[in-house]
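Containing mmCIF, C-alpha atoms: query.cif.
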data_input
loop_
_atom_site.label_atom_id
_atom_site.label_comp_id
_atom_site.auth_asym_id
_atom_site.auth_seq_id
_atom_site.Cartn_x
_atom_site.Cartn_y
_atom_site.Cartn_z
CA MET S 695 -6.42 139.85 168.28
CA ARG S 696 -7.68 136.38 169.27
CA ASN S 697 -8.20 135.45 165.61
CA LYS S 698 -4.69 136.62 164.69
CA LEU S 699 -3.21 134.52 167.50
CA LEU S 700 -5.24 131.53 166.32
CA TYR S 701 -4.02 131.93 162.74
CA LEU S 702 -0.46 132.23 164.05
CA ILE S 703 -0.72 129.03 166.13
CA GLY S 704 -2.44 127.24 163.23
CA ALA S 705 0.29 128.30 160.79
CA ALA S 706 2.98 127.18 163.26
CA ALA S 707 1.27 123.80 163.66
CA ILE S 708 0.98 123.28 159.88
CA LEU S 709 4.63 124.26 159.34
CA LEU S 710 5.75 121.92 162.13
CA LEU S 711 3.65 119.04 160.77
CA ALA S 712 4.95 119.58 157.22
CA ARG S 713 8.53 119.65 158.48
CA ASP S 714 7.94 116.52 160.59
CA ILE S 715 6.35 114.59 157.70
CA TYR S 716 9.37 115.47 155.53
CA ALA S 717 11.73 114.31 158.31
CA ILE S 718 9.74 111.09 158.96
CA ILE S 719 9.83 110.14 155.26
CA GLY S 720 13.62 110.39 155.40
CA LEU S 721 13.97 108.08 158.42
CA PRO S 722 15.25 104.52 157.89
CA GLU S 723 13.17 101.41 158.67
CA GLU S 724 12.99 100.00 162.17
CA VAL S 725 14.76 96.61 162.39
CA ASN S 726 11.86 94.47 163.64
CA GLN S 727 8.71 96.25 162.46
CA GLY S 728 9.88 97.72 159.18
CA ILE S 729 8.35 100.83 157.67
CA ILE S 730 5.02 100.59 159.56
CA PHE S 731 6.90 101.65 162.71
CA LYS S 732 6.71 105.23 161.42
CA ILE S 733 3.01 105.30 162.35
CA ILE S 734 4.15 105.80 165.98
CA PHE S 735 5.02 109.41 165.06
CA PHE S 736 1.29 110.10 164.64
CA HIS S 737 -0.34 107.37 166.75
CA VAL S 738 1.27 108.36 170.06
CA PRO S 739 1.04 112.19 169.64
CA MET S 740 -2.66 111.76 168.85
CA ALA S 741 -3.10 109.71 172.05
CA ILE S 742 -1.19 112.27 174.13
CA THR S 743 -3.30 115.12 172.69
CA ALA S 744 -6.54 113.19 173.28
CA LEU S 745 -5.68 112.32 176.89
CA THR S 746 -4.55 115.91 177.56
CA CYS S 747 -7.95 117.03 176.26
CA ALA S 748 -9.59 114.58 178.69
CA LEU S 749 -7.54 116.05 181.56
CA VAL S 750 -8.55 119.62 180.60
CA ALA S 751 -12.20 118.49 180.34
CA PHE S 752 -11.95 116.97 183.82
CA CYS S 753 -10.47 120.18 185.31
CA ALA S 754 -13.05 122.35 183.51
CA SER S 755 -15.89 120.12 184.74
CA VAL S 756 -14.69 120.32 188.35
CA ALA S 757 -14.30 124.11 187.95
CA PHE S 758 -17.86 124.35 186.59
CA LEU S 759 -19.32 122.38 189.51
CA VAL S 760 -17.45 124.62 191.97
CA THR S 761 -18.07 128.02 190.35
CA LYS S 762 -21.16 127.42 188.14
CA ASN S 763 -19.41 129.55 185.53
CA PHE S 764 -20.64 128.50 182.07
CA ASN S 765 -17.31 129.37 180.44
CA TYR S 766 -15.88 126.22 182.08
CA ASP S 767 -18.76 124.17 180.69
CA ALA S 768 -18.05 125.56 177.21
CA LEU S 769 -14.37 124.68 177.60
CA ALA S 770 -15.24 121.15 178.77
CA VAL S 771 -17.49 120.40 175.78
CA SER S 772 -15.07 121.96 173.27
CA VAL S 773 -12.04 120.11 174.52
CA THR S 774 -13.97 116.82 174.80
CA GLU S 775 -15.10 116.97 171.19
CA VAL S 776 -11.55 117.73 169.99
CA GLY S 777 -10.14 114.94 172.17
CA LEU S 778 -12.67 112.52 170.72
CA ALA S 779 -11.46 113.30 167.18
CA PHE S 780 -7.84 112.73 168.18
CA LEU S 781 -8.67 109.52 170.06
CA ALA S 782 -10.50 108.22 166.98
CA GLY S 783 -7.35 108.94 164.95
CA ASN S 784 -5.28 107.14 167.57
CA LEU S 785 -7.53 104.05 167.53
CA ILE S 786 -7.61 103.86 163.74
CA THR S 787 -3.85 104.31 163.25
CA GLY S 788 -3.24 101.74 166.01
CA SER S 789 -5.58 99.28 164.32
CA ILE S 790 -3.77 99.69 160.99
CA TRP S 791 -0.40 99.18 162.74
CA GLY S 792 -1.83 96.03 164.41
CA ARG S 793 -2.90 94.63 161.03
CA VAL S 794 0.74 94.67 159.87
CA ALA S 795 2.51 93.87 163.16
CA TRP S 796 0.08 91.28 164.57
CA GLY S 797 -1.84 90.25 161.46
CA ILE S 798 -5.16 91.35 163.04
CA TRP S 799 -7.07 94.64 163.05
CA TRP S 800 -8.24 94.42 166.65
CA THR S 801 -7.78 92.44 169.85
CA TRP S 802 -9.63 92.78 173.13
CA ASP S 803 -6.53 93.44 175.25
CA ALA S 804 -6.52 95.85 178.18
CA ARG S 805 -4.99 98.86 176.38
CA LEU S 806 -7.12 98.68 173.26
CA THR S 807 -10.32 97.93 175.14
CA SER S 808 -9.82 100.69 177.73
CA ALA S 809 -9.05 103.18 174.93
CA LEU S 810 -12.22 102.14 173.08
CA VAL S 811 -14.24 102.43 176.32
CA CYS S 812 -12.72 105.91 176.80
CA TRP S 813 -13.86 106.92 173.29
CA LEU S 814 -17.35 105.53 173.95
CA LEU S 815 -17.59 107.32 177.30
CA TYR S 816 -16.72 110.70 175.79
CA ALA S 817 -19.06 110.05 172.83
CA GLY S 818 -21.72 109.32 175.46
CA TYR S 819 -20.88 112.65 177.13
CA LEU S 820 -21.65 114.51 173.89
CA MET S 821 -24.86 112.51 173.39
CA LEU S 822 -25.93 113.27 176.97
CA ARG S 823 -25.52 116.98 176.27
CA ARG S 824 -27.79 116.74 173.24
CA ALA S 825 -30.43 114.94 175.26
CA ILE S 826 -30.88 117.65 177.95
CA GLU S 827 -32.52 120.95 176.97
CA GLU S 828 -32.21 123.03 180.14
CA PRO S 829 -28.69 124.65 180.12
CA THR S 830 -27.91 124.50 183.87
CA GLN S 831 -29.09 120.92 184.22
CA ARG S 832 -27.24 119.96 181.03
CA ALA S 833 -23.97 121.52 182.21
CA THR S 834 -24.23 119.96 185.70
CA PHE S 835 -25.04 116.44 184.48
CA ALA S 836 -22.38 116.67 181.78
CA ALA S 837 -19.75 117.84 184.30
CA VAL S 838 -20.52 114.92 186.63
CA PHE S 839 -20.41 112.51 183.69
CA SER S 840 -17.09 113.96 182.48
CA ILE S 841 -15.54 113.48 185.95
CA PHE S 842 -16.81 109.90 185.97
CA ALA S 843 -15.46 109.28 182.44
CA PHE S 844 -12.02 110.55 183.44
CA ILE S 845 -11.60 107.49 185.71
CA ASP S 846 -10.88 105.53 182.52
CA VAL S 847 -7.96 107.77 181.49
CA PRO S 848 -5.41 106.47 184.05
CA ILE S 849 -6.59 102.93 183.20
CA VAL S 850 -5.79 103.60 179.52
CA ILE S 851 -2.36 105.02 180.39
CA PHE S 852 -1.26 102.40 182.94
CA SER S 853 -3.00 99.33 181.45
CA ILE S 854 0.24 98.30 179.72
CA LYS S 855 2.02 98.41 183.10
CA TRP S 856 -0.72 96.78 185.19
CA TRP S 857 -1.59 93.88 182.89
CA ARG S 858 0.15 91.71 180.31
CA THR S 859 -1.11 93.15 177.06
CA GLN S 860 -0.56 92.47 173.41
CA HIS S 861 0.01 96.21 172.96
CA PRO S 862 3.76 97.00 173.03
CA ALA S 863 5.31 98.30 176.25
CA PRO S 864 5.82 102.06 176.30
CA VAL S 865 8.93 103.15 174.41
CA PHE S 866 9.87 106.02 176.71
CA TRP S 867 8.91 104.82 180.21
CA GLY S 868 9.02 101.05 179.80
CA GLY S 869 12.71 100.41 179.23
CA GLY S 870 12.55 100.97 175.47
CA SER S 871 14.61 103.49 173.58
CA MET S 872 14.72 105.43 170.35
CA PRO S 873 17.60 107.14 168.54
CA HIS S 874 17.91 110.74 169.65
CA ASP S 875 17.02 112.27 166.26
CA TRP S 876 13.92 110.04 166.02
CA TYR S 877 12.90 111.07 169.49
CA ALA S 878 13.32 114.77 168.57
CA ILE S 879 11.03 114.38 165.53
CA TRP S 880 8.50 112.52 167.67
CA ALA S 881 8.57 115.25 170.34
CA TRP S 882 8.12 118.00 167.72
CA ASN S 883 5.15 116.07 166.33
CA VAL S 884 3.62 115.92 169.82
CA LEU S 885 3.96 119.71 169.99
CA ALA S 886 2.45 120.11 166.51
CA MET S 887 -0.57 117.92 167.40
CA MET S 888 -1.03 119.84 170.65
CA LEU S 889 -1.05 123.12 168.72
CA VAL S 890 -3.63 121.70 166.29
CA GLY S 891 -5.67 120.68 169.35
CA VAL S 892 -5.42 124.22 170.78
CA VAL S 893 -6.63 125.75 167.48
CA PHE S 894 -9.52 123.27 167.20
CA THR S 895 -10.53 123.92 170.81
CA ALA S 896 -10.43 127.71 170.32
CA VAL S 897 -12.60 127.45 167.19
CA ARG S 898 -15.02 125.13 169.00
CA LEU S 899 -15.12 127.51 172.00
CA ARG S 900 -16.09 130.37 169.66
CA GLN S 901 -18.94 128.19 168.38
CA GLU S 902 -20.12 127.68 171.96
CA GLU S 903 -20.16 131.50 172.32
CA PHE S 904 -22.27 131.74 169.14
CA GLN S 905 -24.61 129.10 170.56
CA ARG S 906 -25.04 131.08 173.76
CA GLU S 907 -25.73 134.22 171.71
CA ILE S 908 -28.41 132.27 169.79
CA ASP S 909 -29.93 131.07 173.08
CA SER S 910 -30.13 134.64 174.42
CA LEU S 911 -31.57 135.96 171.12
CA ARG S 912 -34.20 133.19 171.25
CA ARG S 913 -35.09 134.17 174.81
CA MET S 914 -35.49 137.78 173.66
CA ALA S 915 -37.66 136.68 170.74
CA HIS S 916 -39.87 134.67 173.10
CA ALA S 917 -40.14 137.65 175.46
CA LEU S 918 -41.33 139.98 172.68
CA MET K 1216 25.74 78.84 142.32
CA TYR K 1217 22.51 78.88 140.30
CA THR K 1218 20.55 77.82 143.43
CA LEU K 1219 22.15 80.65 145.40
CA LEU K 1220 21.24 83.20 142.73
CA LEU K 1221 17.68 81.87 142.62
CA GLN K 1222 17.47 82.03 146.41
CA SER K 1223 18.71 85.61 146.53
CA ALA K 1224 16.25 86.60 143.79
CA GLU K 1225 13.45 85.08 145.86
CA ASP K 1226 14.74 86.95 148.91
CA VAL K 1227 14.75 90.23 146.99
CA ALA K 1228 11.20 89.61 145.75
CA ARG K 1229 10.07 88.76 149.30
CA GLU K 1230 11.77 91.86 150.67
CA ILE K 1231 10.12 94.06 148.03
CA ALA K 1232 6.73 92.52 148.83
CA ARG K 1233 7.28 93.10 152.55
CA LEU K 1234 8.26 96.72 151.94
CA GLN K 1235 5.26 97.33 149.67
CA HIS K 1236 2.97 95.78 152.27
CA GLY K 1237 4.41 98.08 154.96
CA TYR K 1238 4.18 101.19 152.75
CA GLN K 1239 0.62 100.33 151.75
CA PHE K 1240 -0.57 100.09 155.36
CA LEU K 1241 1.48 103.11 156.48
CA SER K 1242 -0.17 105.19 153.77
CA TYR K 1243 -3.60 103.84 154.81
CA GLY K 1244 -2.91 104.88 158.39
CA LEU K 1245 -1.72 108.37 157.51
CA ILE K 1246 -4.50 108.99 154.97
CA VAL K 1247 -7.18 107.90 157.45
CA ALA K 1248 -5.68 110.01 160.27
CA TRP K 1249 -5.51 113.14 158.11
CA LEU K 1250 -8.91 112.57 156.51
CA LEU K 1251 -10.39 112.30 159.98
CA LEU K 1252 -8.89 115.62 161.07
CA VAL K 1253 -9.79 117.35 157.77
CA GLY K 1254 -13.33 115.95 158.10
CA TYR K 1255 -13.55 117.38 161.61
CA VAL K 1256 -12.36 120.79 160.35
CA LEU K 1257 -14.98 120.75 157.56
CA MET K 1258 -17.64 119.78 160.11
CA MET K 1259 -16.63 122.73 162.32
CA VAL K 1260 -16.65 125.14 159.35
CA ALA K 1261 -20.15 123.97 158.34
CA ARG K 1262 -21.38 124.29 161.94
CA GLU K 1263 -19.92 127.80 162.28
CA ARG K 1264 -21.64 128.92 159.05
CA LYS K 1265 -24.94 127.47 160.28
CA LEU K 1266 -24.60 129.24 163.65
CA LYS K 1267 -23.76 132.58 161.98
CA ARG K 1268 -26.76 132.26 159.64
CA GLU K 1269 -28.99 131.49 162.62
CA ILE K 1270 -27.70 134.55 164.52
CA GLU K 1271 -28.30 136.79 161.49
CA SER K 1272 -31.84 135.49 160.97
CA LEU K 1273 -32.69 135.84 164.68
CA LYS K 1274 -31.31 139.40 164.72
CA ALA K 1275 -33.29 140.28 161.60
CA MET K 1276 -36.43 138.78 163.12
CA LEU K 1277 -35.92 140.71 166.37
CA GLU K 1278 -35.29 143.96 164.47
CA SER K 1279 -38.43 143.57 162.37
CA THR K 1280 -40.46 142.67 165.46
CA SER K 1281 -39.16 145.65 167.46
CA SER K 1282 -39.62 148.10 164.54
CA GLY K 1283 -43.14 146.73 164.06
CA SER K 1284 -43.96 147.26 167.74
CA ARG K 1285 -42.50 150.83 167.57
CA GLN K 1286 -44.69 151.66 164.57
CA SER K 1287 -47.90 150.11 165.90
CA PRO K 1288 -48.83 152.87 168.50
CA SER K 1289 -48.78 155.63 165.81
CA ARG K 1290 -51.26 153.73 163.63
#

Show me the file's structure as structure tokens.
Amino acid sequence: MRNKLLYLIGAAAILLLARDIYAIIGLPEEVNQGIIFKIIFFHVPMAITALTCALVAFCASVAFLVTKNFNYDALAVSVTEVGLAFLAGNLITGSIWGRVAWGIWWTWDARLTSALVCWLLYAGYLMLRRAIEEPTQRATFAAVFSIFAFIDVPIVIFSIKWWRTQHPAPVFWGGGSMPHDWYAIWAWNVLAMMLVGVVFTAVRLRQEEFQREIDSLRRMAHAL
Amino acid sequence: MYTLLLQSAEDVAREIARLQHGYQFLSYGLIVAWLLLVGYVLMMVARERKLKREIESLKAMLESTSSGSRQSPSR
């Protein structure tokens, strides 16, 4: 049943993405930025998915510390890894956009730097998990680290409001605007990326279950 | 008139170059983004296979160990 639901969500995400790509190809150029503007249809949905993953990881980490239920720990690690992949996509697409719009691949402005720090923090979270053998200690330390890492997420989001940055002001909550049909395509792409994120997280969660099964089988083997 | 034609031809060439530049980088961005996600999927598939193999081998080891310990008292 769970697998069927996963396949269904995955198929819906692929169909949505294919439809969106077809629609994005048909869109005209933006007046100031030209064709490279179309990267926003992937760059921003990837960021939204990544930061949503960070929020879920934060909630799961708090829930683990409160309940000591390892299912929350499994959710936190799964969603963090998926978020890291999406944030990497966001950083790379942003860098390519910057090369055309600004003439440079990277600049140390508040938005870009805080996003890179966010990626490094969550990469550090995954490395921390690999470094600790004992499961309870690993889950507890990782949960505390994840809560600490989440402090950077509001900084990433609001950096373009708090400081003068080279990164453009937000289109939707910074006085900018987009034609309605462009906005609709963008919103559908956000949904598609979120669905891809849900499928990835579910697959990664299943792997965590396999890992726990391996751990218990190893314990049994040691006991024999 | 000739100067105007020459100027517009230059403009067209510049516009084509600008468009090609934009398309080139847009395609880079999209290819990299999709390759990254496909790479992650392949990594997850490989990891899942490895985990399943490990479970099978551990189960087989446990079965052989338990059947060996069941047989040993009758020897």

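Distance check against chain S using only C-alpha atoms: of K:Ser1282, K:Glu1230, K:Phe1240, K:Met1258, the minimum falls on K:Phe1240.
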
Q: Carefully work through the PyMOL selection byres ((chain S) within 9 of (chain K)) for this structure and note down the residues it includes, as a VMD selection string.
A: chain S and resid 727 to 733 736 to 737 776 779 to 780 782 to 784 786 to 791 793 to 794 894 897 to 898 900 to 901 904 to 905 907 to 908 911 to 912 914 to 915 918

Selection file, C-alpha atoms, as a PDB file, in the frame of the given file:
ATOM      1  CA  GLN S 727       8.710  96.250 162.460  1.00  0.00           C
ATOM      2  CA  GLY S 728       9.880  97.720 159.180  1.00  0.00           C
ATOM      3  CA  ILE S 729       8.350 100.830 157.670  1.00  0.00           C
ATOM      4  CA  ILE S 730       5.020 100.590 159.560  1.00  0.00           C
ATOM      5  CA  PHE S 731       6.900 101.650 162.710  1.00  0.00           C
ATOM      6  CA  LYS S 732       6.710 105.230 161.420  1.00  0.00           C
ATOM      7  CA  ILE S 733       3.010 105.300 162.350  1.00  0.00           C
ATOM      8  CA  PHE S 736       1.290 110.100 164.640  1.00  0.00           C
ATOM      9  CA  HIS S 737      -0.340 107.370 166.750  1.00  0.00           C
ATOM     10  CA  VAL S 776     -11.550 117.730 169.990  1.00  0.00           C
ATOM     11  CA  ALA S 779     -11.460 113.300 167.180  1.00  0.00           C
ATOM     12  CA  PHE S 780      -7.840 112.730 168.180  1.00  0.00           C
ATOM     13  CA  ALA S 782     -10.500 108.220 166.980  1.00  0.00           C
ATOM     14  CA  GLY S 783      -7.350 108.940 164.950  1.00  0.00           C
ATOM     15  CA  ASN S 784      -5.280 107.140 167.570  1.00  0.00           C
ATOM     16  CA  ILE S 786      -7.610 103.860 163.740  1.00  0.00           C
ATOM     17  CA  THR S 787      -3.850 104.310 163.250  1.00  0.00           C
ATOM     18  CA  GLY S 788      -3.240 101.740 166.010  1.00  0.00           C
ATOM     19  CA  SER S 789      -5.580  99.280 164.320  1.00  0.00           C
ATOM     20  CA  ILE S 790      -3.770  99.690 160.990  1.00  0.00           C
ATOM     21  CA  TRP S 791      -0.400  99.180 162.740  1.00  0.00           C
ATOM     22  CA  ARG S 793      -2.900  94.630 161.030  1.00  0.00           C
ATOM     23  CA  VAL S 794       0.740  94.670 159.870  1.00  0.00           C
ATOM     24  CA  PHE S 894      -9.520 123.270 167.200  1.00  0.00           C
ATOM     25  CA  VAL S 897     -12.600 127.450 167.190  1.00  0.00           C
ATOM     26  CA  ARG S 898     -15.020 125.130 169.000  1.00  0.00           C
ATOM     27  CA  ARG S 900     -16.090 130.370 169.660  1.00  0.00           C
ATOM     28  CA  GLN S 901     -18.940 128.190 168.380  1.00  0.00           C
ATOM     29  CA  PHE S 904     -22.270 131.740 169.140  1.00  0.00           C
ATOM     30  CA  GLN S 905     -24.610 129.100 170.560  1.00  0.00           C
ATOM     31  CA  GLU S 907     -25.730 134.220 171.710  1.00  0.00           C
ATOM     32  CA  ILE S 908     -28.410 132.270 169.790  1.00  0.00           C
ATOM     33  CA  LEU S 911     -31.570 135.960 171.120  1.00  0.00           C
ATOM     34  CA  ARG S 912     -34.200 133.190 171.250  1.00  0.00           C
ATOM     35  CA  MET S 914     -35.490 137.780 173.660  1.00  0.00           C
ATOM     36  CA  ALA S 915     -37.660 136.680 170.740  1.00  0.00           C
ATOM     37  CA  LEU S 918     -41.330 139.980 172.680  1.00  0.00           C
TER      38      LEU S 918
END

Q) What does the distance between atom CA of Pro848 of chain S and atom CA of Trp880 of chain S come to in Å, to one decimal place? A)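 Interatomic distance here is 22.3 Å.
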
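Shell of Val850 of chain S at 7 Å, with only C-alpha atoms counted and residues fewer than 6 places along the chain excluded, is Arg805, Ser808 and Ala809 of chain S.
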
**Q.** Shell of 10 Å around Ser853 of chain S, all atoms listed in the file, local chain residues under 6 positions omitted, as a ChimeraX atom specification
**A.** /S:803-809,847,859,861,863

Reconstruct N, CA and C atoms of segment 762-796 of chain S; output as a PDB file, in the frame of the given file.
ATOM      1  N   LYS S 762     -19.955 127.272 188.967  1.00  0.00           N
ATOM      2  CA  LYS S 762     -21.160 127.420 188.140  1.00  0.00           C
ATOM      3  C   LYS S 762     -20.965 128.465 187.035  1.00  0.00           C
ATOM      4  N   ASN S 763     -19.717 128.641 186.626  1.00  0.00           N
ATOM      5  CA  ASN S 763     -19.410 129.550 185.530  1.00  0.00           C
ATOM      6  C   ASN S 763     -19.514 128.775 184.210  1.00  0.00           C
ATOM      7  N   PHE S 764     -20.368 129.248 183.298  1.00  0.00           N
ATOM      8  CA  PHE S 764     -20.640 128.500 182.070  1.00  0.00           C
ATOM      9  C   PHE S 764     -19.470 128.500 181.084  1.00  0.00           C
ATOM     10  N   ASN S 765     -18.500 129.391 181.305  1.00  0.00           N
ATOM     11  CA  ASN S 765     -17.310 129.370 180.440  1.00  0.00           C
ATOM     12  C   ASN S 765     -16.557 128.040 180.605  1.00  0.00           C
ATOM     13  N   TYR S 766     -16.554 127.512 181.830  1.00  0.00           N
ATOM     14  CA  TYR S 766     -15.880 126.220 182.080  1.00  0.00           C
ATOM     15  C   TYR S 766     -16.628 125.093 181.386  1.00  0.00           C
ATOM     16  N   ASP S 767     -17.954 125.188 181.378  1.00  0.00           N
ATOM     17  CA  ASP S 767     -18.760 124.170 180.690  1.00  0.00           C
ATOM     18  C   ASP S 767     -18.460 124.199 179.195  1.00  0.00           C
ATOM     19  N   ALA S 768     -18.359 125.417 178.642  1.00  0.00           N
ATOM     20  CA  ALA S 768     -18.050 125.560 177.210  1.00  0.00           C
ATOM     21  C   ALA S 768     -16.674 124.969 176.900  1.00  0.00           C
ATOM     22  N   LEU S 769     -15.717 125.230 177.801  1.00  0.00           N
ATOM     23  CA  LEU S 769     -14.370 124.680 177.600  1.00  0.00           C
ATOM     24  C   LEU S 769     -14.407 123.155 177.648  1.00  0.00           C
ATOM     25  N   ALA S 770     -15.169 122.616 178.615  1.00  0.00           N
ATOM     26  CA  ALA S 770     -15.240 121.150 178.770  1.00  0.00           C
ATOM     27  C   ALA S 770     -15.798 120.487 177.506  1.00  0.00           C
ATOM     28  N   VAL S 771     -16.886 121.035 176.970  1.00  0.00           N
ATOM     29  CA  VAL S 771     -17.490 120.400 175.780  1.00  0.00           C
ATOM     30  C   VAL S 771     -16.578 120.555 174.559  1.00  0.00           C
ATOM     31  N   SER S 772     -15.944 121.724 174.432  1.00  0.00           N
ATOM     32  CA  SER S 772     -15.070 121.960 173.270  1.00  0.00           C
ATOM     33  C   SER S 772     -13.902 121.001 173.266  1.00  0.00           C
ATOM     34  N   VAL S 773     -13.257 120.914 174.420  1.00  0.00           N
ATOM     35  CA  VAL S 773     -12.040 120.110 174.520  1.00  0.00           C
ATOM     36  C   VAL S 773     -12.379 118.611 174.430  1.00  0.00           C
ATOM     37  N   THR S 774     -13.561 118.228 174.902  1.00  0.00           N
ATOM     38  CA  THR S 774     -13.970 116.820 174.800  1.00  0.00           C
ATOM     39  C   THR S 774     -14.174 116.413 173.355  1.00  0.00           C
ATOM     40  N   GLU S 775     -14.834 117.288 172.592  1.00  0.00           N
ATOM     41  CA  GLU S 775     -15.100 116.970 171.190  1.00  0.00           C
ATOM     42  C   GLU S 775     -13.781 116.848 170.404  1.00  0.00           C
ATOM     43  N   VAL S 776     -12.848 117.767 170.668  1.00  0.00           N
ATOM     44  CA  VAL S 776     -11.550 117.730 169.990  1.00  0.00           C
ATOM     45  C   VAL S 776     -10.788 116.455 170.395  1.00  0.00           C
ATOM     46  N   GLY S 777     -10.818 116.144 171.673  1.00  0.00           N
ATOM     47  CA  GLY S 777     -10.140 114.940 172.170  1.00  0.00           C
ATOM     48  C   GLY S 777     -10.703 113.681 171.544  1.00  0.00           C
ATOM     49  N   LEU S 778     -12.017 113.683 171.340  1.00  0.00           N
ATOM     50  CA  LEU S 778     -12.670 112.520 170.720  1.00  0.00           C
ATOM     51  C   LEU S 778     -12.161 112.306 169.293  1.00  0.00           C
ATOM     52  N   ALA S 779     -11.979 113.407 168.559  1.00  0.00           N
ATOM     53  CA  ALA S 779     -11.460 113.300 167.180  1.00  0.00           C
ATOM     54  C   ALA S 779     -10.043 112.729 167.187  1.00  0.00           C
ATOM     55  N   PHE S 780      -9.223 113.219 168.109  1.00  0.00           N
ATOM     56  CA  PHE S 780      -7.840 112.730 168.180  1.00  0.00           C
ATOM     57  C   PHE S 780      -7.784 111.266 168.643  1.00  0.00           C
ATOM     58  N   LEU S 781      -8.657 110.905 169.581  1.00  0.00           N
ATOM     59  CA  LEU S 781      -8.670 109.520 170.060  1.00  0.00           C
ATOM     60  C   LEU S 781      -9.138 108.569 168.958  1.00  0.00           C
ATOM     61  N   ALA S 782     -10.067 109.040 168.123  1.00  0.00           N
ATOM     62  CA  ALA S 782     -10.500 108.220 166.980  1.00  0.00           C
ATOM     63  C   ALA S 782      -9.320 107.997 166.038  1.00  0.00           C
ATOM     64  N   GLY S 783      -8.549 109.056 165.792  1.00  0.00           N
ATOM     65  CA  GLY S 783      -7.350 108.940 164.950  1.00  0.00           C
ATOM     66  C   GLY S 783      -6.355 107.963 165.542  1.00  0.00           C
ATOM     67  N   ASN S 784      -6.197 108.040 166.858  1.00  0.00           N
ATOM     68  CA  ASN S 784      -5.280 107.140 167.570  1.00  0.00           C
ATOM     69  C   ASN S 784      -5.719 105.682 167.427  1.00  0.00           C
ATOM     70  N   LEU S 785      -7.020 105.428 167.615  1.00  0.00           N
ATOM     71  CA  LEU S 785      -7.530 104.050 167.530  1.00  0.00           C
ATOM     72  C   LEU S 785      -7.388 103.495 166.113  1.00  0.00           C
ATOM     73  N   ILE S 786      -7.671 104.344 165.127  1.00  0.00           N
ATOM     74  CA  ILE S 786      -7.610 103.860 163.740  1.00  0.00           C
ATOM     75  C   ILE S 786      -6.160 103.596 163.316  1.00  0.00           C
ATOM     76  N   THR S 787      -5.257 104.525 163.636  1.00  0.00           N
ATOM     77  CA  THR S 787      -3.850 104.310 163.250  1.00  0.00           C
ATOM     78  C   THR S 787      -3.285 103.081 163.983  1.00  0.00           C
ATOM     79  N   GLY S 788      -3.693 102.899 165.240  1.00  0.00           N
ATOM     80  CA  GLY S 788      -3.240 101.740 166.010  1.00  0.00           C
ATOM     81  C   GLY S 788      -3.732 100.436 165.392  1.00  0.00           C
ATOM     82  N   SER S 789      -4.991 100.461 164.934  1.00  0.00           N
ATOM     83  CA  SER S 789      -5.580  99.280 164.320  1.00  0.00           C
ATOM     84  C   SER S 789      -4.840  98.914 163.025  1.00  0.00           C
ATOM     85  N   ILE S 790      -4.483  99.937 162.258  1.00  0.00           N
ATOM     86  CA  ILE S 790      -3.770  99.690 160.990  1.00  0.00           C
ATOM     87  C   ILE S 790      -2.358  99.151 161.290  1.00  0.00           C
ATOM     88  N   TRP S 791      -1.723  99.692 162.318  1.00  0.00           N
ATOM     89  CA  TRP S 791      -0.400  99.180 162.740  1.00  0.00           C
ATOM     90  C   TRP S 791      -0.544  97.699 163.162  1.00  0.00           C
ATOM     91  N   GLY S 792      -1.599  97.395 163.930  1.00  0.00           N
ATOM     92  CA  GLY S 792      -1.830  96.030 164.410  1.00  0.00           C
ATOM     93  C   GLY S 792      -2.025  95.043 163.269  1.00  0.00           C
ATOM     94  N   ARG S 793      -2.655  95.505 162.188  1.00  0.00           N
ATOM     95  CA  ARG S 793      -2.900  94.630 161.030  1.00  0.00           C
ATOM     96  C   ARG S 793      -1.565  94.149 160.427  1.00  0.00           C
ATOM     97  N   VAL S 794      -0.567  95.042 160.439  1.00  0.00           N
ATOM     98  CA  VAL S 794       0.740  94.670 159.870  1.00  0.00           C
ATOM     99  C   VAL S 794       1.577  93.912 160.907  1.00  0.00           C
ATOM    100  N   ALA S 795       1.619  94.441 162.140  1.00  0.00           N
ATOM    101  CA  ALA S 795       2.510  93.870 163.160  1.00  0.00           C
ATOM    102  C   ALA S 795       1.976  92.553 163.728  1.00  0.00           C
ATOM    103  N   TRP S 796       0.673  92.473 163.944  1.00  0.00           N
ATOM    104  CA  TRP S 796       0.080  91.280 164.570  1.00  0.00           C
ATOM    105  C   TRP S 796      -0.682  90.409 163.581  1.00  0.00           C
TER     106      TRP S 796
END
